file upload-v4.txt (compact mmCIF, C-alpha atoms and all ligand atoms)
# COMPACT_ATOMS: atom_id res chain seq x y z
CA MET A 1 9.55 18.25 14.08
CA ASP A 2 10.64 19.97 10.85
CA LEU A 3 8.11 18.62 8.36
CA LYS A 4 9.56 20.46 5.41
CA LYS A 5 13.04 19.11 6.03
CA ASN A 6 11.78 15.58 6.65
CA LYS A 7 9.67 15.68 3.50
CA SER A 8 12.61 16.83 1.35
CA PHE A 9 14.78 14.16 2.90
CA VAL A 10 12.29 11.37 2.13
CA TYR A 11 11.82 12.51 -1.48
CA GLU A 12 15.60 12.79 -1.98
CA GLN A 13 16.19 9.32 -0.54
CA VAL A 14 13.54 7.84 -2.80
CA ALA A 15 15.03 9.62 -5.85
CA GLN A 16 18.50 8.34 -4.92
CA ALA A 17 17.30 4.78 -4.48
CA ALA A 18 15.53 5.00 -7.84
CA ALA A 19 18.63 6.38 -9.58
CA LYS A 20 20.75 3.63 -8.08
CA ALA A 21 18.31 1.05 -9.46
CA GLY A 22 18.37 2.76 -12.87
CA ARG A 23 14.73 3.74 -12.59
CA PRO A 24 13.04 7.15 -12.98
CA ALA A 25 11.86 8.56 -9.64
CA SER A 26 8.47 9.12 -11.26
CA ASP A 27 7.98 5.33 -11.24
CA ILE A 28 7.57 5.41 -7.50
CA SER A 29 4.59 6.83 -5.63
CA ILE A 30 5.37 7.97 -2.11
CA VAL A 31 2.41 7.24 0.16
CA ALA A 32 2.64 9.37 3.30
CA VAL A 33 1.33 7.28 6.18
CA THR A 34 -0.26 9.82 8.50
CA LYS A 35 -1.36 7.48 11.32
CA TYR A 36 1.07 9.08 13.80
CA VAL A 37 -0.34 12.60 13.43
CA ASP A 38 -3.65 14.47 13.49
CA SER A 39 -5.43 15.91 10.45
CA HIS A 40 -3.88 19.31 10.99
CA VAL A 41 -0.33 17.99 10.64
CA ALA A 42 -1.41 15.81 7.70
CA GLU A 43 -2.71 18.97 6.03
CA GLN A 44 0.66 20.67 6.49
CA LEU A 45 2.27 17.78 4.68
CA VAL A 46 -0.26 18.09 1.86
CA ASN A 47 0.57 21.80 1.62
CA LEU A 48 4.20 20.79 1.09
CA GLY A 49 3.17 18.87 -2.01
CA VAL A 50 2.38 15.35 -0.81
CA LYS A 51 -0.28 13.80 -3.06
CA ASP A 52 -0.82 10.31 -1.63
CA ILE A 53 -2.20 9.76 1.86
CA GLY A 54 -2.25 6.37 3.58
CA GLU A 55 -3.89 5.18 6.78
CA ASN A 56 -3.98 1.67 8.24
CA ARG A 57 -7.20 2.00 10.27
CA VAL A 58 -10.70 2.86 9.14
CA ASP A 59 -11.45 5.42 11.88
CA LYS A 60 -8.24 7.35 11.26
CA PHE A 61 -8.71 7.13 7.51
CA LEU A 62 -12.19 8.69 7.80
CA ASP A 63 -10.88 11.39 10.11
CA LYS A 64 -8.20 12.47 7.60
CA TYR A 65 -10.60 12.11 4.69
CA GLN A 66 -13.16 14.43 6.31
CA THR A 67 -10.56 17.17 6.71
CA LEU A 68 -8.75 16.80 3.40
CA LYS A 69 -11.36 15.52 0.95
CA ASP A 70 -11.46 18.75 -1.08
CA LYS A 71 -7.75 18.58 -1.85
CA ASP A 72 -6.64 16.77 -4.94
CA LEU A 73 -5.30 13.64 -3.25
CA THR A 74 -5.08 9.91 -3.83
CA TRP A 75 -6.37 7.93 -0.85
CA HIS A 76 -4.76 4.69 0.29
CA LEU A 77 -6.12 2.28 2.88
CA ILE A 78 -3.04 0.24 3.73
CA GLY A 79 -4.01 -1.91 6.72
CA THR A 80 -6.16 -4.93 7.43
CA LEU A 81 -9.85 -4.28 6.79
CA GLN A 82 -12.61 -6.10 8.63
CA ARG A 83 -15.50 -7.14 6.44
CA ARG A 84 -18.08 -5.36 8.56
CA LYS A 85 -16.25 -2.05 8.07
CA VAL A 86 -16.02 -2.21 4.27
CA LYS A 87 -19.23 -0.25 3.77
CA ASP A 88 -18.04 2.63 5.99
CA VAL A 89 -14.93 3.37 4.03
CA ILE A 90 -14.57 1.68 0.68
CA ASN A 91 -16.11 4.40 -1.45
CA TYR A 92 -13.51 6.94 -0.34
CA VAL A 93 -10.62 4.63 -1.14
CA ASP A 94 -8.59 4.83 -4.36
CA TYR A 95 -6.09 2.08 -3.48
CA PHE A 96 -6.61 -0.72 -0.97
CA HIS A 97 -3.27 -2.34 -0.13
CA ALA A 98 -4.24 -5.21 2.14
CA LEU A 99 -6.62 -7.54 0.30
CA ASP A 100 -6.03 -10.77 2.21
CA SER A 101 -9.06 -12.97 1.55
CA VAL A 102 -11.61 -13.80 -1.13
CA LYS A 103 -14.45 -13.14 1.33
CA LEU A 104 -13.22 -9.62 1.88
CA ALA A 105 -13.03 -9.14 -1.90
CA ALA A 106 -16.65 -10.28 -2.25
CA GLU A 107 -17.75 -7.72 0.33
CA ILE A 108 -15.86 -4.98 -1.51
CA GLN A 109 -17.55 -6.06 -4.75
CA LYS A 110 -20.92 -5.74 -3.04
CA ARG A 111 -20.33 -2.28 -1.52
CA ALA A 112 -18.11 -0.42 -3.98
CA ASP A 113 -19.60 2.20 -6.28
CA HIS A 114 -16.39 2.62 -8.29
CA THR A 115 -13.46 0.43 -9.26
CA ILE A 116 -11.15 -0.08 -6.30
CA LYS A 117 -7.51 -0.62 -7.14
CA CYS A 118 -6.36 -3.43 -4.88
CA PHE A 119 -3.06 -4.99 -3.92
CA LEU A 120 -3.16 -8.64 -2.91
CA GLN A 121 -1.26 -8.90 0.34
CA VAL A 122 1.20 -11.77 0.18
CA ASN A 123 3.39 -13.33 2.77
CA VAL A 124 6.40 -14.88 1.08
CA SER A 125 8.38 -15.18 4.29
CA GLY A 126 5.81 -17.58 5.78
CA GLU A 127 5.73 -15.64 9.04
CA GLU A 128 2.76 -16.89 11.10
CA SER A 129 1.66 -13.53 12.44
CA LYS A 130 1.36 -11.87 9.06
CA HIS A 131 -1.85 -11.49 7.10
CA GLY A 132 -1.88 -12.32 3.45
CA PHE A 133 -1.92 -15.09 0.90
CA SER A 134 0.96 -17.53 0.71
CA PRO A 135 2.45 -17.91 -2.78
CA GLU A 136 0.75 -21.35 -2.95
CA GLN A 137 -2.70 -19.87 -2.22
CA VAL A 138 -2.52 -17.03 -4.68
CA ASP A 139 -3.30 -18.88 -7.91
CA SER A 140 -6.57 -20.39 -6.74
CA ALA A 141 -7.56 -17.06 -5.17
CA LEU A 142 -7.16 -15.39 -8.56
CA GLU A 143 -9.68 -17.79 -10.10
CA GLU A 144 -12.22 -16.72 -7.50
CA LEU A 145 -11.41 -13.02 -7.81
CA ALA A 146 -11.62 -12.97 -11.59
CA SER A 147 -15.41 -12.49 -11.62
CA LEU A 148 -15.34 -9.47 -9.29
CA ASP A 149 -15.44 -6.53 -11.68
CA LYS A 150 -15.33 -3.78 -9.04
CA LEU A 151 -11.81 -4.81 -8.09
CA GLU A 152 -8.76 -4.13 -10.19
CA ILE A 153 -5.84 -6.16 -8.89
CA VAL A 154 -2.97 -3.78 -9.59
CA GLY A 155 -0.28 -5.82 -7.90
CA LEU A 156 1.13 -7.30 -4.71
CA MET A 157 1.78 -5.82 -1.29
CA THR A 158 4.06 -7.26 1.33
CA MET A 159 5.28 -6.42 4.81
CA ALA A 160 8.62 -7.85 5.85
CA PRO A 161 9.07 -9.23 9.38
CA ILE A 162 10.47 -6.63 11.80
CA THR A 163 13.34 -8.96 12.57
CA ALA A 164 14.54 -9.33 8.96
CA ASP A 165 18.05 -8.10 8.21
CA ASP A 166 19.02 -6.42 4.94
CA ARG A 167 19.83 -9.67 3.19
CA GLU A 168 16.48 -11.21 4.20
CA LEU A 169 14.62 -8.04 3.19
CA ASP A 170 16.29 -8.17 -0.20
CA GLU A 171 15.24 -11.81 -0.61
CA ILE A 172 11.61 -11.17 0.43
CA PHE A 173 11.20 -8.19 -1.89
CA LYS A 174 12.86 -10.04 -4.75
CA GLN A 175 10.57 -13.06 -4.33
CA THR A 176 7.52 -10.81 -4.17
CA ASN A 177 8.51 -9.16 -7.46
CA GLU A 178 9.10 -12.57 -9.08
CA LEU A 179 5.67 -13.72 -7.94
CA ARG A 180 4.15 -10.53 -9.39
CA GLN A 181 5.82 -11.17 -12.75
CA ARG A 182 4.55 -14.72 -12.82
CA LEU A 183 0.98 -13.61 -12.02
CA LYS A 184 1.15 -10.85 -14.62
CA GLU A 185 1.91 -13.47 -17.25
CA ARG A 186 -1.42 -15.12 -16.53
CA ASN A 187 -3.00 -12.13 -18.30
CA ILE A 188 -6.23 -12.13 -16.34
CA LYS A 189 -8.75 -9.39 -17.04
CA ASN A 190 -8.80 -6.64 -14.37
CA MET A 191 -5.46 -7.88 -13.01
CA PRO A 192 -2.63 -5.92 -14.58
CA PHE A 193 -0.12 -6.81 -11.84
CA ASP A 194 2.13 -3.88 -12.74
CA ASP A 195 2.60 -2.55 -9.22
CA LEU A 196 4.30 -3.48 -5.99
CA SER A 197 3.46 -1.91 -2.62
CA MET A 198 6.54 -2.58 -0.54
CA GLY A 199 8.95 -0.60 1.57
CA MET A 200 8.47 1.41 4.75
CA SER A 201 10.74 3.93 6.48
CA ARG A 202 13.41 1.43 7.40
CA ASP A 203 13.53 -0.63 4.22
CA PHE A 204 12.28 1.41 1.26
CA PRO A 205 15.67 1.65 -0.53
CA ILE A 206 15.86 -2.17 -0.63
CA ALA A 207 12.25 -2.35 -1.82
CA ILE A 208 12.92 0.17 -4.60
CA SER A 209 15.96 -1.77 -5.75
CA ASN A 210 13.58 -4.74 -6.14
CA GLY A 211 10.98 -2.95 -8.23
CA SER A 212 8.63 -1.37 -5.70
CA THR A 213 6.29 1.24 -7.23
CA PHE A 214 4.49 2.32 -4.01
CA VAL A 215 6.43 2.94 -0.81
CA ARG A 216 4.45 3.48 2.41
CA ILE A 217 6.35 5.89 4.61
CA GLY A 218 5.33 7.16 8.04
CA THR A 219 8.07 7.53 10.65
CA SER A 220 10.55 9.29 8.37
CA PHE A 221 8.12 12.16 7.74
CA PHE A 222 7.34 12.78 11.38
CA LYS A 223 10.55 12.12 13.28
CA GLU A 224 12.04 14.84 15.46
C1 LIG A 301 2.54 2.24 9.75
C2 LIG A 301 2.57 1.52 8.47
C3 LIG A 301 3.52 1.86 7.49
C4 LIG A 301 4.58 2.94 7.71
O1 LIG A 301 5.59 2.48 8.53
P1 LIG A 301 6.82 3.39 8.97
O2 LIG A 301 7.80 2.42 9.50
O3 LIG A 301 6.29 4.32 10.03
O4 LIG A 301 7.31 4.12 7.78
C5 LIG A 301 3.49 1.17 6.30
N1 LIG A 301 2.58 0.19 6.06
C6 LIG A 301 1.65 -0.15 6.97
C7 LIG A 301 0.68 -1.23 6.64
C8 LIG A 301 1.61 0.50 8.21
O5 LIG A 301 0.68 0.15 9.12
call {"tool": "encode", "arguments": {"input": "upload-v4.txt", "output": "structure tokens"}}
result
Amino acid sequence: MDLKKNKSFVYEQVAQAAAKAGRPASDISIVAVTKYVDSHVAEQLVNLGVKDIGENRVDKFLDKYQTLKDKDLTWHLIGTLQRRKVKDVINYVDYFHALDSVKLAAEIQKRADHTIKCFLQVNVSGEESKHGFSPEQVDSALEELASLDKLEIVGLMTMAPITADDRELDEIFKQTNELRQRLKERNIKNMPFDDLSMGMSRDFPIAISNGSTFVRIGTSFFKE
């Protein structure tokens, strides 16, 4: 595995996708998802200039955090979080990408000692197996979240179904961005709704063309 080459390739592809969409590359944060590798390899990636680290599981997040906490990094928890684990991890998290219930938000409010930037996870494709709010549920959830001052709702996160083709991906990302714009117009305190966490190794160019500001990339960094 040639980390340096893979890293350059990912950054170039993101810059190209941004240029094609008429956006500055600096609009897009590249979150390196290190779940496939140990802390040592994650550290090599950080030494190559990666600034944003993402993990989908609490145990692996804590493992990477222990090793790399003295580096100047932004920490992303990107996967489903069980309520009973909130207290173990939340105070090391800068961005939480998978807020999928009001109950979870209330637990974060209770345990957090700083403002946690959160993405509401939404499921616009209606796929049964996916976590997240449906577009119909989101508005009433916002009413309940509005009083939780430890959470800043920066935007929406979505995961497209594995089976989606390019046209379906384009549609899902477009709808997610439209939903974000609509929610932004509600002008709720602590809910700027400026960001979109969408796009993984296989679909980030399509996500960027639909306004994504945070791409979560694992496989492309670590492939042989
Ligand atoms: C693993 C993971 C990613 C990265 O996926 P790749 O296809 O490896 O780039 C992104 N988001 C979440 C929530 C993940 O669990």
call {"tool": "residues_near_ligand", "arguments": {"input": "upload-v4.txt", "ligand": "ligand LIG 301 (chain A)", "cutoff": "6 Å", "atoms": "only C-alpha atoms and all ligand atoms", "output": "list in words"}}
result
Val33, Asn56, Ile78, Gly79, Met200, Ser201, Arg216, Ile217, Gly218 and Thr219 of chain A
call {"tool": "write_last_selection", "arguments": {"input": "upload-v4.txt", "atoms": "C-alpha atoms", "output": "PDB file, keeping the file's coordinate frame"}}
result
ATOM      1  CA  VAL A  33       1.330   7.280   6.180  1.00  0.00           C
ATOM      2  CA  ASN A  56      -3.980   1.670   8.240  1.00  0.00           C
ATOM      3  CA  ILE A  78      -3.040   0.240   3.730  1.00  0.00           C
ATOM      4  CA  GLY A  79      -4.010  -1.910   6.720  1.00  0.00           C
ATOM      5  CA  MET A 200       8.470   1.410   4.750  1.00  0.00           C
ATOM      6  CA  SER A 201      10.740   3.930   6.480  1.00  0.00           C
ATOM      7  CA  ARG A 216       4.450   3.480   2.410  1.00  0.00           C
ATOM      8  CA  ILE A 217       6.350   5.890   4.610  1.00  0.00           C
ATOM      9  CA  GLY A 218       5.330   7.160   8.040  1.00  0.00           C
ATOM     10  CA  THR A 219       8.070   7.530  10.650  1.00  0.00           C
TER      11      THR A 219
END
call {"tool": "residues_around", "arguments": {"input": "upload-v4.txt", "residues": "Phe133 of chain A", "least_positions_apart": "4", "cutoff": "8 Å", "atoms": "all atoms listed in the file", "output": "list in words"}}
result
Asp100, Ser101, Leu120, Gln121, Val122, Asn123, Gln137 and Val138 of chain A
call {"tool": "axis_aligned_box", "arguments": {"input": "upload-v4.txt", "around": "segment 16-29 of chain A", "padding_each_side": "5 Å", "output": "AutoDock Vina command-line options"}}
result
--center_x 12.7 --center_y 5.1 --center_z -8.7 --size_x 26.2 --size_y 18.1 --size_z 18.5
call {"tool": "closest_residue", "arguments": {"input": "upload-v4.txt", "among": "A:Pro192, A:Pro135, A:Gly54, A:Gly211", "to": "Ala42 of chain A", "atoms": "only C-alpha atoms"}}
result
A:Gly54
call {"tool": "residues_near_point", "arguments": {"input": "upload-v4.txt", "point": "(8.0, 7.6, 0.3)", "cutoff": "9 Å", "atoms": "only C-alpha atoms", "output": "list in words"}}
result
Lys7, Val10, Tyr11, Gln13, Val14, Ile28, Ser29, Ile30, Val31, Ala32, Val33, Gly199, Met200, Ser201, Phe204, Phe214, Val215, Arg216, Ile217, Gly218, Ser220 and Phe221 of chain A
call {"tool": "closest_residue", "arguments": {"input": "upload-v4.txt", "among": "A:Val41, A:Arg84, A:Met157, A:Gly22", "to": "His97 of chain A", "atoms": "only C-alpha atoms"}}
result
A:Met157
call {"tool": "closest_residue", "arguments": {"input": "upload-v4.txt", "among": "A:Lys87, A:Arg180, A:Lys69, A:Lys103", "to": "Phe119 of chain A", "atoms": "all atoms listed in the file"}}
result
A:Arg180
call {"tool": "atom_distance", "arguments": {"input": "upload-v4.txt", "atom1": "atom CA of Leu148 of chain A", "atom2": "atom CA of Ala106 of chain A"}}
result
7.2 Å
call {"tool": "atom_distance", "arguments": {"input": "upload-v4.txt", "atom1": "atom CA of Phe173 of chain A", "atom2": "atom CA of Leu196 of chain A"}}
result
9.3 Å
call {"tool": "atom_distance", "arguments": {"input": "upload-v4.txt", "atom1": "atom CA of Asp194 of chain A", "atom2": "atom CA of Asn210 of chain A"}}
result
13.2 Å
call {"tool": "residues_near_point", "arguments": {"input": "upload-v4.txt", "point": "(-7.5, 0.7, -2.7)", "cutoff": "6 Å", "atoms": "only C-alpha atoms", "output": "JSON, numbers by chain"}}
result
{"A": [76, 77, 93, 94, 95, 96, 97, 116, 117, 118]}
call {"tool": "closest_residue", "arguments": {"input": "upload-v4.txt", "among": "A:Ser140, A:Thr67, A:Ser147, A:Thr163", "to": "Arg202 of chain A", "atoms": "all atoms listed in the file"}}
result
A:Thr163
call {"tool": "closest_residue", "arguments": {"input": "upload-v4.txt", "among": "A:Asp63, A:Glu127, A:Glu107, A:Asp72", "to": "Gly49 of chain A", "atoms": "all atoms listed in the file"}}
result
A:Asp72
call {"tool": "residues_around", "arguments": {"input": "upload-v4.txt", "residues": "Pro205 of chain A", "least_positions_apart": "3", "cutoff": "7 Å", "atoms": "only C-alpha atoms", "output": "JSON, numbers by chain"}}
result
{"A": [14, 17, 208, 209]}
